[in-house]
file protein.cif (mmCIF, C-alpha atoms)
data_data
#
loop_
_atom_site.group_PDB
_atom_site.id
_atom_site.type_symbol
_atom_site.label_atom_id
_atom_site.label_comp_id
_atom_site.auth_asym_id
_atom_site.auth_seq_id
_atom_site.Cartn_x
_atom_site.Cartn_y
_atom_site.Cartn_z
ATOM 1 C CA MET A 10 0.164 38.632 38.414
ATOM 2 C CA ASN A 11 2.822 37.893 35.802
ATOM 3 C CA ASP A 12 2.549 34.204 34.858
ATOM 4 C CA ALA A 13 6.275 33.963 34.126
ATOM 5 C CA THR A 14 7.732 35.777 37.140
ATOM 6 C CA GLY A 15 4.911 35.655 39.692
ATOM 7 C CA ALA A 16 5.278 39.396 40.224
ATOM 8 C CA VAL A 17 2.171 41.394 41.105
ATOM 9 C CA ILE A 18 1.425 43.736 38.208
ATOM 10 C CA TYR A 19 -1.952 45.091 39.297
ATOM 11 C CA THR A 20 -3.764 45.379 42.619
ATOM 12 C CA PRO A 21 -7.542 45.959 42.378
ATOM 13 C CA PRO A 22 -9.354 48.330 44.759
ATOM 14 C CA ASP A 23 -9.826 46.880 48.222
ATOM 15 C CA GLY A 24 -12.513 47.399 50.834
ATOM 16 C CA GLN A 25 -16.277 47.233 50.550
ATOM 17 C CA PRO A 26 -16.988 51.008 50.519
ATOM 18 C CA LEU A 27 -14.485 51.568 47.706
ATOM 19 C CA LEU A 28 -15.784 48.597 45.721
ATOM 20 C CA TRP A 29 -19.367 49.814 46.028
ATOM 21 C CA ASP A 30 -18.315 53.293 44.911
ATOM 22 C CA LYS A 31 -16.473 51.934 41.871
ATOM 23 C CA LEU A 32 -19.354 49.621 40.921
ATOM 24 C CA SER A 33 -21.847 52.474 41.244
ATOM 25 C CA ASN A 34 -19.714 54.568 38.901
ATOM 26 C CA TRP A 35 -19.495 51.602 36.507
ATOM 27 C CA GLU A 36 -23.291 51.202 36.535
ATOM 28 C CA ARG A 37 -23.876 54.902 35.907
ATOM 29 C CA TYR A 38 -21.536 54.819 32.917
ATOM 30 C CA ILE A 39 -23.426 51.873 31.383
ATOM 31 C CA HIS A 40 -26.801 53.573 31.629
ATOM 32 C CA GLU A 41 -26.035 57.270 31.309
ATOM 33 C CA GLU A 42 -23.409 57.623 28.549
ATOM 34 C CA GLU A 43 -25.879 56.851 25.756
ATOM 35 C CA GLU A 44 -24.307 59.302 23.297
ATOM 36 C CA ILE A 45 -21.250 57.001 23.066
ATOM 37 C CA ASP A 46 -21.413 54.152 20.531
ATOM 38 C CA PRO A 47 -22.580 51.007 22.378
ATOM 39 C CA LEU A 48 -19.582 48.949 21.204
ATOM 40 C CA ILE A 49 -17.144 51.590 22.476
ATOM 41 C CA ARG A 50 -19.110 51.736 25.693
ATOM 42 C CA LEU A 51 -18.903 47.952 25.986
ATOM 43 C CA ALA A 52 -15.096 48.041 25.730
ATOM 44 C CA VAL A 53 -14.909 50.719 28.409
ATOM 45 C CA MET A 54 -17.421 48.865 30.576
ATOM 46 C CA ASN A 55 -15.421 45.639 30.281
ATOM 47 C CA TYR A 56 -12.191 47.365 31.270
ATOM 48 C CA GLN A 57 -13.859 49.018 34.249
ATOM 49 C CA PHE A 58 -15.317 45.758 35.519
ATOM 50 C CA GLU A 59 -11.995 43.921 35.166
ATOM 51 C CA ALA A 60 -10.167 46.777 36.909
ATOM 52 C CA ILE A 61 -12.643 46.805 39.804
ATOM 53 C CA HIS A 62 -12.304 43.004 40.073
ATOM 54 C CA PRO A 63 -15.123 42.701 42.616
ATOM 55 C CA PHE A 64 -14.988 38.925 43.106
ATOM 56 C CA ILE A 65 -12.297 36.595 44.399
ATOM 57 C CA ASP A 66 -12.710 34.397 41.324
ATOM 58 C CA GLY A 67 -14.662 34.404 38.057
ATOM 59 C CA ASN A 68 -14.318 38.099 37.190
ATOM 60 C CA GLY A 69 -13.322 37.388 33.581
ATOM 61 C CA ARG A 70 -16.199 34.990 32.959
ATOM 62 C CA THR A 71 -18.665 37.324 34.673
ATOM 63 C CA GLY A 72 -17.404 40.268 32.635
ATOM 64 C CA ARG A 73 -17.880 38.374 29.385
ATOM 65 C CA VAL A 74 -21.425 37.391 30.351
ATOM 66 C CA LEU A 75 -22.144 41.037 31.136
ATOM 67 C CA ASN A 76 -20.775 41.981 27.702
ATOM 68 C CA LEU A 77 -23.318 39.705 26.016
ATOM 69 C CA LEU A 78 -26.186 40.959 28.151
ATOM 70 C CA ASN A 79 -25.151 44.513 27.318
ATOM 71 C CA LEU A 80 -25.247 43.737 23.582
ATOM 72 C CA VAL A 81 -28.743 42.289 24.006
ATOM 73 C CA ASP A 82 -29.837 45.263 26.102
ATOM 74 C CA ASN A 83 -28.655 47.642 23.369
ATOM 75 C CA GLY A 84 -30.502 45.716 20.662
ATOM 76 C CA LEU A 85 -27.332 44.509 18.931
ATOM 77 C CA LEU A 86 -28.139 40.854 19.637
ATOM 78 C CA ASP A 87 -31.507 39.137 19.909
ATOM 79 C CA VAL A 88 -30.063 36.381 22.110
ATOM 80 C CA PRO A 89 -26.655 36.113 23.864
ATOM 81 C CA VAL A 90 -24.958 33.808 21.348
ATOM 82 C CA LEU A 91 -21.674 35.666 20.782
ATOM 83 C CA TYR A 92 -18.932 33.477 22.292
ATOM 84 C CA LEU A 93 -16.330 36.168 22.982
ATOM 85 C CA SER A 94 -14.362 33.819 25.246
ATOM 86 C CA ARG A 95 -13.110 31.965 22.157
ATOM 87 C CA TYR A 96 -11.316 35.052 20.849
ATOM 88 C CA ILE A 97 -10.156 36.222 24.266
ATOM 89 C CA ILE A 98 -8.680 32.833 25.227
ATOM 90 C CA GLY A 99 -6.938 32.676 21.845
ATOM 91 C CA ASN A 100 -5.449 36.140 22.460
ATOM 92 C CA LYS A 101 -5.102 35.910 26.224
ATOM 93 C CA ARG A 102 -1.792 37.742 26.576
ATOM 94 C CA THR A 103 -3.154 40.758 24.745
ATOM 95 C CA TYR A 104 -6.340 40.590 26.834
ATOM 96 C CA HIS A 105 -4.200 41.051 29.957
ATOM 97 C CA ASP A 106 -1.627 43.470 28.565
ATOM 98 C CA ARG A 107 -3.924 46.044 26.998
ATOM 99 C CA PRO A 108 -6.118 46.720 30.063
ATOM 100 C CA LEU A 109 -2.923 47.115 32.079
ATOM 101 C CA ALA A 110 -1.719 49.648 29.512
ATOM 102 C CA VAL A 111 -4.991 51.542 29.990
ATOM 103 C CA THR A 112 -4.311 51.655 33.741
ATOM 104 C CA THR A 113 -0.665 52.688 33.466
ATOM 105 C CA ASP A 114 -0.626 54.765 30.249
ATOM 106 C CA SER A 115 -4.282 55.542 29.427
ATOM 107 C CA ALA A 116 -3.848 53.506 26.222
ATOM 108 C CA TRP A 117 -7.572 53.372 25.495
ATOM 109 C CA GLU A 118 -7.349 53.170 21.716
ATOM 110 C CA ASP A 119 -5.461 49.863 21.644
ATOM 111 C CA TRP A 120 -7.862 48.300 24.146
ATOM 112 C CA ILE A 121 -10.979 49.471 22.302
ATOM 113 C CA LEU A 122 -9.613 48.245 18.964
ATOM 114 C CA TYR A 123 -8.856 44.870 20.554
ATOM 115 C CA MET A 124 -12.431 44.518 21.798
ATOM 116 C CA LEU A 125 -13.907 45.668 18.480
ATOM 117 C CA GLU A 126 -11.819 43.064 16.665
ATOM 118 C CA ALA A 127 -12.948 40.424 19.183
ATOM 119 C CA ILE A 128 -16.577 41.254 18.441
ATOM 120 C CA ARG A 129 -16.063 41.348 14.650
ATOM 121 C CA GLU A 130 -14.174 38.055 14.434
ATOM 122 C CA THR A 131 -16.522 36.293 16.862
ATOM 123 C CA ALA A 132 -19.563 37.538 14.939
ATOM 124 C CA ASP A 133 -18.111 36.183 11.671
ATOM 125 C CA TRP A 134 -17.267 32.840 13.314
ATOM 126 C CA SER A 135 -20.703 32.567 14.951
ATOM 127 C CA THR A 136 -22.500 33.385 11.700
ATOM 128 C CA ALA A 137 -20.571 30.638 9.903
ATOM 129 C CA ARG A 138 -21.446 28.121 12.644
ATOM 130 C CA ILE A 139 -25.131 29.066 12.508
ATOM 131 C CA ARG A 140 -25.199 28.636 8.727
ATOM 132 C CA SER A 141 -23.525 25.228 9.078
ATOM 133 C CA ILE A 142 -26.145 24.137 11.604
ATOM 134 C CA ARG A 143 -28.929 25.300 9.307
ATOM 135 C CA ASP A 144 -27.398 23.392 6.388
ATOM 136 C CA LEU A 145 -27.144 20.253 8.512
ATOM 137 C CA LEU A 146 -30.770 20.685 9.598
ATOM 138 C CA ASP A 147 -31.848 20.912 5.952
ATOM 139 C CA GLN A 148 -29.850 17.787 5.103
ATOM 140 C CA THR A 149 -31.318 15.879 8.038
ATOM 141 C CA ALA A 150 -34.868 16.917 7.148
ATOM 142 C CA GLU A 151 -34.306 15.790 3.560
ATOM 143 C CA ARG A 152 -32.915 12.455 4.723
ATOM 144 C CA ILE A 153 -35.953 11.799 6.923
ATOM 145 C CA ARG A 154 -38.275 12.820 4.082
ATOM 146 C CA ARG A 155 -36.480 10.503 1.652
ATOM 147 C CA ASP A 156 -35.950 7.453 3.882
ATOM 148 C CA LEU A 157 -38.935 7.697 6.254
ATOM 149 C CA PRO A 158 -41.715 9.543 4.418
ATOM 150 C CA LYS A 159 -44.457 8.154 6.694
ATOM 151 C CA ILE A 160 -43.141 9.954 9.763
ATOM 152 C CA TYR A 161 -41.521 12.934 8.024
ATOM 153 C CA SER A 162 -42.201 16.503 9.007
ATOM 154 C CA ARG A 163 -39.940 19.543 9.072
ATOM 155 C CA GLU A 164 -40.946 20.062 12.693
ATOM 156 C CA LEU A 165 -39.640 16.603 13.566
ATOM 157 C CA ALA A 166 -36.195 17.448 12.196
ATOM 158 C CA GLU A 167 -36.189 20.722 14.147
ATOM 159 C CA VAL A 168 -37.106 18.952 17.386
ATOM 160 C CA ILE A 169 -34.207 16.540 16.856
ATOM 161 C CA PHE A 170 -31.812 19.497 16.606
ATOM 162 C CA VAL A 171 -33.189 21.113 19.752
ATOM 163 C CA ASN A 172 -33.153 17.761 21.586
ATOM 164 C CA PRO A 173 -30.398 15.511 20.185
ATOM 165 C CA TYR A 174 -31.511 12.914 22.761
ATOM 166 C CA CYS A 175 -35.166 12.987 21.769
ATOM 167 C CA ARG A 176 -37.966 11.425 23.827
ATOM 168 C CA ILE A 177 -41.605 10.749 23.086
ATOM 169 C CA GLY A 178 -42.542 13.653 25.335
ATOM 170 C CA ASP A 179 -40.454 16.038 23.246
ATOM 171 C CA LEU A 180 -42.531 15.259 20.150
ATOM 172 C CA VAL A 181 -45.773 15.550 22.100
ATOM 173 C CA ALA A 182 -44.705 18.876 23.649
ATOM 174 C CA ALA A 183 -43.835 20.207 20.187
ATOM 175 C CA GLY A 184 -47.337 19.343 18.958
ATOM 176 C CA ILE A 185 -46.017 17.041 16.240
ATOM 177 C CA ALA A 186 -48.170 14.084 17.230
ATOM 178 C CA LYS A 187 -50.126 12.571 20.101
ATOM 179 C CA ARG A 188 -48.289 10.273 22.478
ATOM 180 C CA GLN A 189 -49.218 7.001 20.737
ATOM 181 C CA ALA A 190 -48.175 8.232 17.283
ATOM 182 C CA SER A 191 -45.000 9.744 18.712
ATOM 183 C CA SER A 192 -44.193 6.418 20.343
ATOM 184 C CA VAL A 193 -44.523 4.641 17.013
ATOM 185 C CA SER A 194 -42.195 7.130 15.319
ATOM 186 C CA VAL A 195 -39.578 7.078 18.053
ATOM 187 C CA ASN A 196 -39.499 3.302 18.358
ATOM 188 C CA ARG A 197 -39.377 2.419 14.676
ATOM 189 C CA SER A 198 -36.231 0.391 14.237
ATOM 190 C CA ASP A 199 -35.689 1.626 10.683
ATOM 191 C CA PHE A 200 -35.632 5.236 11.960
ATOM 192 C CA ARG A 201 -32.959 4.367 14.467
ATOM 193 C CA THR A 202 -30.758 2.630 11.934
ATOM 194 C CA LYS A 203 -31.222 5.032 9.015
ATOM 195 C CA SER A 204 -31.086 8.376 10.762
ATOM 196 C CA SER A 205 -27.792 9.956 11.687
ATOM 197 C CA SER A 206 -26.273 8.583 14.862
ATOM 198 C CA ARG A 207 -25.799 12.172 16.001
ATOM 199 C CA PHE A 208 -29.560 12.535 16.223
ATOM 200 C CA HIS A 209 -30.540 9.148 17.688
ATOM 201 C CA MET A 210 -34.099 9.156 19.007
ATOM 202 C CA LYS A 211 -34.879 7.075 22.029
ATOM 203 C CA VAL A 212 -37.593 6.866 24.699
#
call {"tool": "encode", "arguments": {"input": "protein.cif", "output": "structure tokens"}}
result
Amino acid sequence: MNDATGAVIYTPPDGQPLLWDKLSNWERYIHEEEEIDPLIRLAVMNYQFEAIHPFIDGNGRTGRVLNLLNLVDNGLLDVPVLYLSRYIIGNKRTYHDRPLAVTTDSAWEDWILYMLEAIRETADWSTARIRSIRDLLDQTAERIRRDLPKIYSRELAEVIFVNPYCRIGDLVAAGIAKRQASSVSVNRSDFRTKSSSRFHMKV
């Protein structure tokens, strides 16, 4: 539907038999067209899923989750950390216009290039965020080592990043210390006041 005019610009397939047939074709393409580059295949797969539009709501979000799982399945990601929604939301008009152009004019090249750019830019952005988190982890570990040498360990800093609201049980589960020693570390008032407020440890 056109947001400005309210006019219907695309009607997805209707009826369970037709939906099942389209989804079966979509699944076969994912698993059988292995000679096609996986990123090209992902763009085609995403278009197909959006065109089928099998659900009343949430098709876009579901499609983007499937994109990530597909990248993992093809060995291009170890974990699904590529936040493609950021790029797509920032370029939402294009995200709607180019699939429609595929439907009406078979304009595959523009759609595939859009998706490739989404992956490239999101990968660059994600890499920068990961490096920033690693730098902050190093700084936090160094601050604990400098200000609280008696309880310092690199593992402690890592647990704080995994569990910003850190409990005694989190330290015990990580094997950093037994419960009594963990309790001492967590409850030390100087740790609470000297460590970053972003990584406040509390029982």
call {"tool": "resolve_selection", "arguments": {"input": "protein.cif", "expression": "the PyMOL selection byres ((chain A and resi 50) around 12)", "output": "PyMOL selection string"}}
result
chain A and resi 35-49+51-57+76+79-80+83+117+120-121+124-125
call {"tool": "axis_aligned_box", "arguments": {"input": "protein.cif", "around": "region 140-146 of chain A", "padding_each_side": "5 Å", "output": "JSON"}}
result
{"center_x": -27.1, "center_y": 24.4, "center_z": 9.0, "size_x": 17.2, "size_y": 18.4, "size_z": 15.2}
call {"tool": "atom_distance", "arguments": {"input": "protein.cif", "atom1": "CA of Ala137 (chain A)", "atom2": "CA of Arg73 (chain A)"}}
result
21.1 Å
call {"tool": "residues_around", "arguments": {"input": "protein.cif", "residues": "region 93-110 of chain A", "least_positions_apart": "4", "cutoff": "12 Å", "atoms": "all atoms listed in the file", "output": "VMD selection string"}}
result
chain A and resid 10 to 13 17 to 21 52 to 61 69 to 77 80 89 114 to 135
call {"tool": "residues_around", "arguments": {"input": "protein.cif", "residues": "Gln148 (chain A)", "least_positions_apart": "5", "cutoff": "12 Å", "atoms": "only C-alpha atoms", "output": "PyMOL selection string"}}
result
chain A and resi 141-143+153-155+163+166-167+170+204-205
call {"tool": "atom_distance", "arguments": {"input": "protein.cif", "atom1": "CA of Pro158 (chain A)", "atom2": "CA of Leu180 (chain A)"}}
result
16.8 Å
call {"tool": "atom_distance", "arguments": {"input": "protein.cif", "atom1": "CA of Leu78 (chain A)", "atom2": "CA of Tyr92 (chain A)"}}
result
12.0 Å
